[in-house]
file protein.txt (compact mmCIF, C-alpha atoms and all ligand atoms)
# COMPACT_ATOMS: atom_id res chain seq x y z
CA MET A 133 4.65 3.53 27.23
CA GLY A 134 4.02 3.66 23.49
CA LYS A 135 7.52 2.39 22.86
CA LYS A 136 7.00 -0.61 25.15
CA LEU A 137 3.61 -1.36 23.62
CA PHE A 138 5.12 -1.15 20.13
CA SER A 139 7.18 -4.26 20.83
CA ASP A 140 4.64 -6.13 22.94
CA PRO A 141 3.11 -9.24 21.31
CA LYS A 142 0.51 -9.41 24.11
CA LEU A 143 -1.47 -6.90 22.06
CA SER A 144 -2.29 -9.56 19.48
CA GLU A 145 -4.84 -12.30 19.94
CA ASN A 146 -2.40 -15.16 19.33
CA GLY A 147 0.24 -13.46 21.51
CA LYS A 148 2.82 -13.64 18.72
CA MET A 149 2.56 -10.44 16.71
CA ALA A 150 3.75 -6.95 17.68
CA CYS A 151 4.20 -3.77 15.65
CA ILE A 152 7.92 -4.47 15.75
CA THR A 153 7.39 -7.83 14.00
CA CYS A 154 7.09 -5.93 10.71
CA HIS A 155 8.39 -2.45 11.54
CA LEU A 156 11.99 -3.14 12.59
CA PRO A 157 13.94 -0.17 14.05
CA GLN A 158 17.26 -1.33 12.55
CA LYS A 159 15.62 -1.53 9.09
CA GLY A 160 14.23 1.99 9.07
CA TYR A 161 11.03 0.65 10.70
CA ALA A 162 10.34 -1.41 7.58
CA ASP A 163 11.44 -5.06 7.17
CA ASN A 164 13.46 -5.70 3.97
CA VAL A 165 11.11 -8.44 2.77
CA VAL A 166 8.86 -8.21 -0.30
CA LEU A 167 5.72 -9.04 1.68
CA ASN A 168 5.58 -9.83 5.39
CA LEU A 169 3.27 -12.55 6.71
CA ASP A 170 -0.12 -12.29 8.39
CA ASN A 171 -1.09 -14.20 11.54
CA GLN A 172 -1.92 -17.27 9.42
CA GLY A 173 1.52 -17.26 7.79
CA LYS A 174 0.15 -15.97 4.48
CA PRO A 175 1.73 -13.02 2.62
CA LEU A 176 0.18 -9.60 3.25
CA LEU A 177 -1.10 -7.57 0.32
CA ARG A 178 1.60 -4.91 0.45
CA ASN A 179 5.20 -4.14 1.31
CA THR A 180 5.79 -2.69 4.80
CA PRO A 181 6.46 1.09 4.74
CA THR A 182 8.85 2.96 7.04
CA LEU A 183 7.42 4.68 10.12
CA ILE A 184 10.08 7.40 10.22
CA ASN A 185 8.37 10.77 9.65
CA THR A 186 5.11 8.91 9.04
CA ALA A 187 3.27 11.37 11.27
CA PHE A 188 3.88 14.09 8.67
CA GLN A 189 1.14 12.85 6.39
CA GLN A 190 -2.57 13.49 6.03
CA SER A 191 -3.24 10.05 4.64
CA PHE A 192 -2.18 6.64 5.89
CA PHE A 193 -1.71 3.26 4.25
CA LEU A 194 -0.42 3.18 0.71
CA ASP A 195 -3.93 3.47 -0.69
CA GLY A 196 -4.84 6.28 1.72
CA ARG A 197 -7.55 4.39 3.56
CA SER A 198 -6.97 6.07 6.95
CA ASN A 199 -7.04 9.80 7.55
CA THR A 200 -5.37 9.79 10.95
CA LEU A 201 -2.61 7.89 12.66
CA LEU A 202 -5.01 6.85 15.45
CA ASP A 203 -7.37 5.33 12.94
CA GLN A 204 -4.47 3.62 11.16
CA ILE A 205 -3.24 2.02 14.37
CA SER A 206 -6.67 0.92 15.48
CA SER A 207 -7.08 -0.93 12.17
CA VAL A 208 -4.03 -3.05 13.03
CA PHE A 209 -5.89 -4.18 16.17
CA THR A 210 -9.20 -4.94 14.46
CA ASN A 211 -7.71 -6.57 11.33
CA ASP A 212 -8.40 -10.30 11.64
CA LYS A 213 -5.17 -11.02 9.76
CA GLU A 214 -3.09 -8.90 12.13
CA PHE A 215 -3.72 -8.39 15.88
CA ASN A 216 -7.32 -9.61 15.61
CA SER A 217 -7.92 -8.40 19.12
CA ASP A 218 -11.07 -7.43 20.83
CA VAL A 219 -10.87 -4.13 22.72
CA HIS A 220 -11.32 -5.67 26.16
CA LYS A 221 -9.42 -8.88 25.56
CA PHE A 222 -6.13 -7.23 24.78
CA SER A 223 -6.31 -4.64 27.51
CA ASN A 224 -6.72 -7.41 30.08
CA ALA A 225 -3.58 -9.15 28.86
CA ILE A 226 -1.72 -5.87 29.14
CA LEU A 227 -3.11 -5.09 32.57
CA LYS A 228 -1.87 -8.42 33.97
CA ASP A 229 1.63 -7.11 33.30
CA SER A 230 2.24 -4.93 36.36
CA THR A 231 5.08 -3.00 34.70
CA TYR A 232 2.36 -1.15 32.81
CA THR A 233 0.62 0.10 35.97
CA THR A 234 2.99 3.01 36.55
CA LEU A 235 3.25 3.75 32.87
CA PHE A 236 -0.52 4.09 32.56
CA LYS A 237 -0.73 6.27 35.67
CA ASP A 238 2.09 8.55 34.50
CA ALA A 239 0.68 8.89 31.01
CA PHE A 240 -3.05 9.08 31.62
CA GLY A 241 -3.49 9.50 35.40
CA LYS A 242 -5.36 6.20 35.57
CA ILE A 243 -5.29 2.62 34.40
CA SER A 244 -7.28 2.69 31.20
CA SER A 245 -10.18 0.36 30.67
CA ASN A 246 -10.09 0.10 26.90
CA ASN A 247 -7.67 0.30 24.01
CA THR A 248 -8.12 3.99 23.17
CA ASP A 249 -5.29 5.09 25.46
CA VAL A 250 -3.06 2.25 24.27
CA ILE A 251 -3.51 3.44 20.70
CA LYS A 252 -2.86 7.04 21.74
CA ALA A 253 0.37 5.98 23.47
CA ILE A 254 1.60 4.08 20.41
CA SER A 255 0.69 7.02 18.20
CA SER A 256 2.62 9.43 20.45
CA TYR A 257 5.64 7.15 20.24
CA ILE A 258 5.46 6.95 16.45
CA SER A 259 5.25 10.72 16.26
CA THR A 260 8.71 10.88 17.87
CA LEU A 261 10.34 8.85 15.09
CA ASN A 262 11.75 11.81 13.21
CA GLY A 263 15.32 12.68 12.45
CA PHE A 264 15.83 15.54 9.98
CA ASN A 265 19.53 15.01 10.61
CA SER A 266 20.54 13.30 7.36
CA LYS A 267 23.57 14.36 5.34
CA PHE A 268 21.10 16.16 3.06
CA ASP A 269 19.49 18.06 5.98
CA LYS A 270 22.85 19.12 7.38
CA ASN A 271 24.02 20.37 4.00
CA ILE A 272 20.82 22.20 3.11
CA ARG A 273 20.84 23.90 6.53
CA GLY A 274 24.45 24.91 6.02
CA GLU A 275 25.70 22.94 9.04
CA GLU A 276 27.97 20.83 6.83
CA ASN A 277 29.39 21.33 3.39
CA ASN A 278 30.34 17.87 2.22
CA PHE A 279 28.05 16.97 -0.66
CA SER A 280 30.07 15.31 -3.43
CA ASP A 281 29.71 16.55 -7.02
CA GLU A 282 27.70 13.41 -7.78
CA GLU A 283 25.30 14.03 -4.86
CA LYS A 284 24.87 17.65 -5.95
CA LEU A 285 24.10 16.56 -9.50
CA GLY A 286 21.61 14.02 -8.10
CA TYR A 287 19.88 16.68 -6.02
CA ASN A 288 19.60 19.02 -9.01
CA LEU A 289 18.17 16.23 -11.16
CA PHE A 290 15.71 15.27 -8.43
CA MET A 291 14.48 18.87 -8.21
CA GLY A 292 14.66 19.56 -11.95
CA LYS A 293 15.12 17.45 -15.08
CA ALA A 294 14.04 14.13 -13.53
CA LEU A 295 10.81 15.70 -12.15
CA CYS A 296 10.96 13.67 -8.91
CA ALA A 297 10.16 16.63 -6.64
CA THR A 298 6.95 17.37 -8.57
CA CYS A 299 5.49 14.49 -6.51
CA HIS A 300 8.06 13.80 -3.78
CA PHE A 301 7.90 17.31 -2.35
CA MET A 302 10.73 18.81 -0.35
CA PRO A 303 11.45 18.79 2.52
CA LEU A 304 9.52 15.63 3.46
CA THR A 305 10.03 13.96 0.04
CA ASN A 306 6.51 12.54 0.24
CA GLY A 307 3.18 13.66 -1.25
CA THR A 308 2.39 16.06 1.61
CA VAL A 309 2.10 19.42 -0.11
CA PRO A 310 4.07 22.42 1.19
CA PRO A 311 3.68 25.10 2.45
CA PHE A 312 0.55 24.21 4.43
CA TYR A 313 0.89 20.41 4.61
CA THR A 314 -2.88 19.92 4.77
CA GLU A 315 -3.02 17.33 2.01
CA THR A 316 -1.09 14.23 0.95
CA GLU A 317 -1.27 13.54 -2.78
CA LYS A 318 -1.73 10.23 -4.56
CA GLU A 319 -0.54 9.39 -8.07
CA VAL A 320 -0.72 6.78 -10.79
CA ILE A 321 2.74 5.72 -11.92
CA GLY A 322 2.07 2.21 -13.23
CA VAL A 323 4.25 -0.08 -11.12
CA PRO A 324 4.69 -3.52 -12.75
CA GLU A 325 3.98 -6.93 -11.25
CA THR A 326 7.54 -8.20 -11.60
CA ALA A 327 10.94 -6.57 -12.12
CA GLU A 328 10.93 -7.77 -15.77
CA ASN A 329 8.55 -4.81 -16.35
CA ARG A 330 6.22 -6.84 -18.59
CA GLN A 331 2.84 -6.56 -16.88
CA LEU A 332 1.00 -3.97 -14.80
CA ASP A 333 0.46 -4.85 -11.14
CA ASP A 334 -3.18 -5.64 -10.42
CA ASP A 335 -3.45 -3.81 -7.07
CA LEU A 336 -6.00 -1.06 -7.68
CA GLY A 337 -4.87 1.12 -4.74
CA PHE A 338 -7.06 4.15 -4.01
CA TYR A 339 -9.73 2.87 -6.45
CA TRP A 340 -11.38 1.22 -3.39
CA SER A 341 -12.72 4.60 -2.32
CA PHE A 342 -14.87 5.95 -5.17
CA LYS A 343 -14.57 3.17 -7.78
CA GLU A 344 -13.55 5.82 -10.32
CA PRO A 345 -11.46 4.58 -13.32
CA LEU A 346 -9.28 7.65 -12.74
CA HIS A 347 -8.10 6.12 -9.46
CA LYS A 348 -7.11 2.67 -10.70
CA GLY A 349 -3.61 1.86 -9.47
CA MET A 350 -3.34 5.15 -7.60
CA PHE A 351 -1.04 5.19 -4.56
CA LYS A 352 0.07 7.72 -2.04
CA THR A 353 3.45 9.27 -2.85
CA PRO A 354 5.68 7.79 -0.13
CA SER A 355 8.67 9.46 1.48
CA ILE A 356 12.05 8.54 0.10
CA ARG A 357 13.82 9.60 3.27
CA ASN A 358 15.70 6.57 4.66
CA ILE A 359 15.16 4.78 1.36
CA ALA A 360 18.63 3.17 1.55
CA LEU A 361 17.36 1.23 4.59
CA THR A 362 14.00 0.06 3.29
CA ALA A 363 14.46 -2.09 0.17
CA PRO A 364 12.58 -3.63 -1.61
CA TYR A 365 10.58 -0.80 -3.16
CA MET A 366 7.03 0.13 -4.24
CA HIS A 367 3.72 -1.07 -2.76
CA ASN A 368 4.42 -4.61 -3.96
CA GLY A 369 8.16 -4.63 -3.22
CA VAL A 370 8.84 -5.27 -6.91
CA TYR A 371 12.25 -3.56 -7.16
CA LYS A 372 15.24 -4.74 -5.15
CA SER A 373 17.45 -1.74 -5.86
CA LEU A 374 17.22 2.01 -6.29
CA GLU A 375 18.90 1.59 -9.67
CA GLU A 376 15.88 -0.43 -10.84
CA VAL A 377 13.52 2.26 -9.51
CA VAL A 378 15.37 5.01 -11.39
CA GLU A 379 15.36 2.93 -14.57
CA PHE A 380 11.58 2.53 -14.26
CA TYR A 381 11.15 6.32 -14.09
CA ASN A 382 13.67 6.87 -16.86
CA LEU A 383 11.53 4.73 -19.17
CA GLY A 384 8.41 6.80 -18.39
CA GLY A 385 6.84 4.56 -15.71
CA GLY A 386 4.13 2.04 -16.61
CA GLY A 387 2.89 4.16 -19.54
CA GLY A 388 6.40 4.34 -20.97
CA LEU A 389 6.67 0.56 -20.57
CA GLY A 390 3.64 0.19 -22.82
CA PHE A 391 0.96 -0.64 -20.24
CA ASP A 392 -2.57 0.55 -20.94
CA LEU A 393 -2.60 3.48 -18.52
CA GLU A 394 -4.82 6.25 -19.74
CA HIS A 395 -4.83 7.98 -16.36
CA GLN A 396 -1.14 7.84 -15.46
CA THR A 397 -0.20 11.08 -13.70
CA LEU A 398 3.54 10.56 -14.30
CA PRO A 399 4.58 11.90 -17.73
CA PHE A 400 4.89 8.98 -20.22
CA ASP A 401 7.97 10.42 -21.87
CA GLU A 402 11.36 8.90 -21.30
CA LEU A 403 13.52 11.14 -19.12
CA ASN A 404 16.60 10.41 -21.25
CA LEU A 405 18.90 10.36 -18.24
CA THR A 406 22.46 9.23 -18.89
CA THR A 407 23.94 6.41 -16.81
CA GLU A 408 25.92 9.04 -14.91
CA GLU A 409 22.73 10.96 -14.15
CA GLN A 410 20.88 7.83 -13.03
CA ASN A 411 23.74 6.95 -10.68
CA ALA A 412 23.73 10.52 -9.35
CA LEU A 413 20.03 10.26 -8.46
CA VAL A 414 20.77 7.10 -6.50
CA ALA A 415 23.71 8.77 -4.76
CA PHE A 416 21.48 11.69 -3.77
CA MET A 417 18.76 9.40 -2.39
CA LYS A 418 21.39 7.74 -0.19
CA THR A 419 22.08 11.08 1.52
CA LEU A 420 18.56 10.99 2.99
CA THR A 421 19.31 8.49 5.75
CA GLU A 422 18.40 9.79 9.21
CA THR A 423 19.42 8.68 12.68
CA VAL A 424 16.43 8.21 14.91
CA SER A 425 17.50 8.22 18.53
CA ASP A 426 15.89 5.05 19.58
CA VAL A 427 17.49 1.93 20.94
CA TYR A 428 15.58 -1.21 21.79
C1 LIG B 501 2.24 -8.18 9.94
C2 LIG B 501 3.02 -7.00 9.61
C3 LIG B 501 2.64 -5.69 10.27
C4 LIG B 501 2.36 -5.46 11.60
C5 LIG B 501 2.31 -6.44 12.74
C6 LIG B 501 2.13 -4.03 11.71
N1 LIG B 501 2.27 -3.42 10.49
FE1 LIG B 501 2.08 -1.44 10.13
N2 LIG B 501 2.09 -1.83 8.15
C7 LIG B 501 2.33 -3.06 7.56
C8 LIG B 501 2.05 -2.98 6.13
C9 LIG B 501 2.22 -4.11 5.13
C10 LIG B 501 1.59 -1.66 5.89
C11 LIG B 501 1.11 -1.09 4.54
C12 LIG B 501 -0.29 -1.63 4.29
C13 LIG B 501 -1.05 -0.89 3.21
O1 LIG B 501 -0.66 0.22 2.86
O2 LIG B 501 -2.07 -1.43 2.75
C14 LIG B 501 1.65 -0.97 7.18
C15 LIG B 501 1.34 0.38 7.36
C16 LIG B 501 1.52 1.07 8.56
C17 LIG B 501 1.41 2.51 8.71
C18 LIG B 501 1.09 3.51 7.62
C19 LIG B 501 2.34 4.12 7.07
C20 LIG B 501 2.06 5.05 5.94
O3 LIG B 501 2.99 5.72 5.50
O4 LIG B 501 0.93 5.14 5.46
C21 LIG B 501 1.64 2.79 10.05
C22 LIG B 501 1.66 4.15 10.70
C23 LIG B 501 1.85 1.52 10.71
N3 LIG B 501 1.79 0.50 9.76
C24 LIG B 501 2.05 1.37 12.05
C25 LIG B 501 1.93 0.14 12.70
C26 LIG B 501 1.74 -0.02 14.14
C27 LIG B 501 1.71 1.10 15.15
C28 LIG B 501 1.63 -1.36 14.39
C29 LIG B 501 1.31 -2.03 15.70
C30 LIG B 501 0.09 -1.59 16.36
C31 LIG B 501 1.78 -2.02 13.08
N4 LIG B 501 1.94 -1.08 12.10
C32 LIG B 501 1.80 -3.39 12.91
C33 LIG B 501 2.75 -4.19 8.22
C34 LIG B 501 2.56 -4.40 9.57
C1 LIG B 502 3.86 11.44 -10.68
C2 LIG B 502 4.38 11.44 -9.32
C3 LIG B 502 5.77 10.86 -9.08
C4 LIG B 502 6.97 11.25 -9.66
C5 LIG B 502 7.19 12.30 -10.72
C6 LIG B 502 8.00 10.44 -9.04
N1 LIG B 502 7.45 9.60 -8.11
FE1 LIG B 502 8.45 8.23 -6.99
N2 LIG B 502 6.71 7.49 -6.32
C7 LIG B 502 5.45 8.00 -6.59
C8 LIG B 502 4.44 7.11 -6.07
C9 LIG B 502 2.92 7.30 -6.16
C10 LIG B 502 5.13 6.02 -5.51
C11 LIG B 502 4.51 4.76 -4.88
C12 LIG B 502 4.10 3.83 -6.01
C13 LIG B 502 3.70 2.44 -5.60
O1 LIG B 502 4.07 1.97 -4.54
O2 LIG B 502 3.04 1.79 -6.41
C14 LIG B 502 6.56 6.30 -5.65
C15 LIG B 502 7.58 5.49 -5.18
C16 LIG B 502 8.93 5.80 -5.23
C17 LIG B 502 9.99 5.06 -4.60
C18 LIG B 502 9.78 3.81 -3.73
C19 LIG B 502 9.42 4.20 -2.32
C20 LIG B 502 9.23 3.03 -1.40
O3 LIG B 502 9.26 3.24 -0.19
O4 LIG B 502 9.04 1.91 -1.87
C21 LIG B 502 11.17 5.68 -4.89
C22 LIG B 502 12.55 5.28 -4.42
C23 LIG B 502 10.85 6.80 -5.73
N3 LIG B 502 9.49 6.86 -5.93
C24 LIG B 502 11.79 7.68 -6.25
C25 LIG B 502 11.49 8.60 -7.26
C26 LIG B 502 12.47 9.26 -8.06
C27 LIG B 502 13.98 9.10 -7.94
C28 LIG B 502 11.79 10.03 -8.96
C29 LIG B 502 12.33 10.89 -10.09
C30 LIG B 502 13.12 10.14 -11.07
C31 LIG B 502 10.37 9.86 -8.69
N4 LIG B 502 10.23 8.98 -7.65
C32 LIG B 502 9.35 10.51 -9.38
C33 LIG B 502 5.18 9.17 -7.27
C34 LIG B 502 6.09 9.83 -8.10
call {"tool": "encode", "arguments": {"input": "protein.txt", "output": "structure tokens"}}
result
Amino acid sequence: MGKKLFSDPKLSENGKMACITCHLPQKGYADNVVLNLDNQGKPLLRNTPTLINTAFQQSFFLDGRSNTLLDQISSVFTNDKEFNSDVHKFSNAILKDSTYTTLFKDAFGKISSNNTDVIKAISSYISTLNGFNSKFDKNIRGEENNFSDEEKLGYNLFMGKALCATCHFMPLTNGTVPPFYTETEKEVIGVPETAENRQLDDDLGFYWSFKEPLHKGMFKTPSIRNIALTAPYMHNGVYKSLEEVVEFYNLGGGGGLGFDLEHQTLPFDELNLTTEEQNALVAFMKTLTETVSDVY
């Protein structure tokens, strides 16, 4: 039922927007555009993230403004720029579609009278979007032994010299901290406004929460699983390629680029990676593509 609801535009007030409008299965549940459009045709504030493995986080939205997946999904409904739908209004539109009758009965034993069950169903569906069957997973589990020398070098750099795994923790490659996974960390890395790397982006991220200078430009560390499918990158979609992302880190992030970033949590120092090493990091990241068994 969650899967059907995920692609159903009847959930939105204008009848035109569904989750799948921005989270496209064939694009790693992201959309390959810098910024998608709201229901007025205006660009959204941020780039669309993947939904694969999204359930394995303790913090949702790039600025961490939801603590649960249920809360995250219900904000899509109440956002006037997205579904903009009143609890009762949308459930009526859904209930007129008789194909949902059996689905509701099977899932909840009754036809629900408000959106809580609809949100639960969508959340259950999203929690199934996990693969853990990438080339990396198969190699690390010893099921395959076909990592190239370049991919091995990239993995070692990711875990070591390039410091990536100090924020993108294994095995999820996001900010959810092993071994207990009870917290998802946020960081300040100083992403620029444009790919020319001249000016700091003005999105303040997690600063919304406490209005602490320490949190200016702080964002959740996202997963880099399936990253080959989800260009462009960063909260503002500033970088078109993984090569550009690696170059940004190699220069020391925003601090290394000379932006005024007292509270950057990424070390300012250049990583001094050779071209070969930068390419190896990209090659490693491309081994993180999963197959999610889901056909629409
Ligand atoms: C108009 C485009 C659009 C639509 C429609 C949309 N999303 Fe999103 N989604 C986004 C963007 C953009 C973000 C990131 C926003 C931010 O972080 O401020 C996001 C974030 C998320 C996240 C958080 C991911 C994370 O890692 O924190 C989840 C989960 C999610 N969306 C699920 C859904 C579901 C379920 C629906 C349908 C009920 C939906 N989205 C509809 C664009 C969209
Ligand atoms: C200090 C913590 C930190 C370190 C170290 C770090 N990252 Fe990140 N990474 C982040 C955060 C936070 C973001 C999101 C920033 C944003 O959107 O503004 C991010 C974003 C990314 C993205 C884009 C993800 C997306 O979906 O758009 C990629 C790719 C990435 N990092 C790869 C790397 C690689 C490769 C390294 C090592 C060279 C690395 N990261 C080191 C914290 C870190």
call {"tool": "residues_near_point", "arguments": {"input": "protein.txt", "point": "(-0.2, 0.6, 15.2)", "cutoff": "9 Å", "atoms": "only C-alpha atoms", "output": "tab-separated table (two decimals) with C-alpha atoms, in the coordinates of the input"}}
result
chain	number	residue	atom	x	y	z
A	138	PHE	CA	5.12	-1.15	20.13
A	150	ALA	CA	3.75	-6.95	17.68
A	151	CYS	CA	4.20	-3.77	15.65
A	201	LEU	CA	-2.61	7.89	12.66
A	202	LEU	CA	-5.01	6.85	15.45
A	203	ASP	CA	-7.37	5.33	12.94
A	204	GLN	CA	-4.47	3.62	11.16
A	205	ILE	CA	-3.24	2.02	14.37
A	206	SER	CA	-6.67	0.92	15.48
A	207	SER	CA	-7.08	-0.93	12.17
A	208	VAL	CA	-4.03	-3.05	13.03
A	209	PHE	CA	-5.89	-4.18	16.17
A	251	ILE	CA	-3.51	3.44	20.70
A	254	ILE	CA	1.60	4.08	20.41
A	255	SER	CA	0.69	7.02	18.20
A	258	ILE	CA	5.46	6.95	16.45
call {"tool": "closest_residue", "arguments": {"input": "protein.txt", "among": "A:Thr231, A:Thr180, A:Ser425, A:Ser280", "to": "ligand LIG 502 (chain B)", "atoms": "all atoms listed in the file"}}
result
A:Thr180
call {"tool": "residues_near_ligand", "arguments": {"input": "protein.txt", "ligand": "ligand LIG 502 (chain B)", "cutoff": "8 Å", "atoms": "all atoms listed in the file", "output": "PyMOL selection string"}}
result
chain A and resi 179+181-182+194+289-290+294-300+307+318-323+349-356+359+362-369+374+377-378+381-382+396-399+413-414+417
call {"tool": "atom_distance", "arguments": {"input": "protein.txt", "atom1": "atom N1 of ligand LIG 501 (chain B)", "atom2": "CA of Ser139 in chain A"}}
result
11.5 Å
call {"tool": "closest_residue", "arguments": {"input": "protein.txt", "among": "A:Gly388, A:Pro311, A:Gly337, A:Gly241", "to": "ligand LIG 501 (chain B)", "atoms": "all atoms listed in the file"}}
result
A:Gly337
call {"tool": "atom_distance", "arguments": {"input": "protein.txt", "atom1": "CA of Glu282 in chain A", "atom2": "CA of Ala412 in chain A"}}
result
5.2 Å
call {"tool": "axis_aligned_box", "arguments": {"input": "protein.txt", "around": "ligand LIG 501 (chain B)", "padding_each_side": "8 Å", "output": "lines of an AutoDock Vina configuration file"}}
result
center_x = 0.5
center_y = -1.2
center_z = 9.6
size_x = 21.1
size_y = 29.9
size_z = 29.6
call {"tool": "atom_distance", "arguments": {"input": "protein.txt", "atom1": "CA of Asn262 in chain A", "atom2": "CA of Leu137 in chain A"}}
result
18.7 Å
call {"tool": "closest_residue", "arguments": {"input": "protein.txt", "among": "A:Ala253, A:Val424, A:Ala239, A:Ala225", "to": "ligand LIG 501 (chain B)", "atoms": "all atoms listed in the file"}}
result
A:Ala253
call {"tool": "build_atoms", "arguments": {"input": "protein.txt", "residues": "range 404-421 of chain A", "atoms": "N, CA and C atoms", "output": "mmCIF file, keeping the file's coordinate frame"}}
result
data_model
loop_
_atom_site.group_PDB
_atom_site.id
_atom_site.type_symbol
_atom_site.label_atom_id
_atom_site.label_comp_id
_atom_site.auth_asym_id
_atom_site.auth_seq_id
_atom_site.Cartn_x
_atom_site.Cartn_y
_atom_site.Cartn_z
ATOM 1 N N ASN A 404 15.295 10.339 -20.568
ATOM 2 C CA ASN A 404 16.600 10.410 -21.250
ATOM 3 C C ASN A 404 17.756 10.776 -20.318
ATOM 4 N N LEU A 405 17.790 10.138 -19.166
ATOM 5 C CA LEU A 405 18.900 10.360 -18.240
ATOM 6 C C LEU A 405 20.068 9.481 -18.661
ATOM 7 N N THR A 406 21.277 10.039 -18.615
ATOM 8 C CA THR A 406 22.460 9.230 -18.890
ATOM 9 C C THR A 406 22.723 8.306 -17.700
ATOM 10 N N THR A 407 23.588 7.320 -17.907
ATOM 11 C CA THR A 407 23.940 6.410 -16.810
ATOM 12 C C THR A 407 24.499 7.208 -15.631
ATOM 13 N N GLU A 408 25.332 8.198 -15.958
ATOM 14 C CA GLU A 408 25.920 9.040 -14.910
ATOM 15 C C GLU A 408 24.822 9.754 -14.105
ATOM 16 N N GLU A 409 23.823 10.256 -14.817
ATOM 17 C CA GLU A 409 22.730 10.960 -14.150
ATOM 18 C C GLU A 409 21.887 10.012 -13.296
ATOM 19 N N GLN A 410 21.661 8.804 -13.816
ATOM 20 C CA GLN A 410 20.880 7.830 -13.030
ATOM 21 C C GLN A 410 21.627 7.468 -11.749
ATOM 22 N N ASN A 411 22.945 7.263 -11.881
ATOM 23 C CA ASN A 411 23.740 6.950 -10.680
ATOM 24 C C ASN A 411 23.728 8.112 -9.691
ATOM 25 N N ALA A 412 23.722 9.336 -10.222
ATOM 26 C CA ALA A 412 23.730 10.520 -9.350
ATOM 27 C C ALA A 412 22.421 10.595 -8.546
ATOM 28 N N LEU A 413 21.307 10.262 -9.187
ATOM 29 C CA LEU A 413 20.030 10.260 -8.460
ATOM 30 C C LEU A 413 20.070 9.277 -7.285
ATOM 31 N N VAL A 414 20.652 8.101 -7.556
ATOM 32 C CA VAL A 414 20.770 7.100 -6.500
ATOM 33 C C VAL A 414 21.669 7.623 -5.380
ATOM 34 N N ALA A 415 22.784 8.233 -5.764
ATOM 35 C CA ALA A 415 23.710 8.770 -4.760
ATOM 36 C C ALA A 415 23.014 9.824 -3.907
ATOM 37 N N PHE A 416 22.210 10.676 -4.540
ATOM 38 C CA PHE A 416 21.480 11.690 -3.770
ATOM 39 C C PHE A 416 20.503 11.032 -2.798
ATOM 40 N N MET A 417 19.754 10.037 -3.270
ATOM 41 C CA MET A 417 18.760 9.400 -2.390
ATOM 42 C C MET A 417 19.433 8.787 -1.153
ATOM 43 N N LYS A 418 20.672 8.340 -1.331
ATOM 44 C CA LYS A 418 21.390 7.740 -0.190
ATOM 45 C C LYS A 418 21.835 8.776 0.841
ATOM 46 N N THR A 419 21.725 10.058 0.518
ATOM 47 C CA THR A 419 22.080 11.080 1.520
ATOM 48 C C THR A 419 20.899 11.375 2.447
ATOM 49 N N LEU A 420 19.774 10.691 2.225
ATOM 50 C CA LEU A 420 18.560 10.990 2.990
ATOM 51 C C LEU A 420 18.356 10.069 4.190
ATOM 52 N N THR A 421 19.436 9.410 4.625
ATOM 53 C CA THR A 421 19.310 8.490 5.750
ATOM 54 C C THR A 421 19.435 9.240 7.081
#
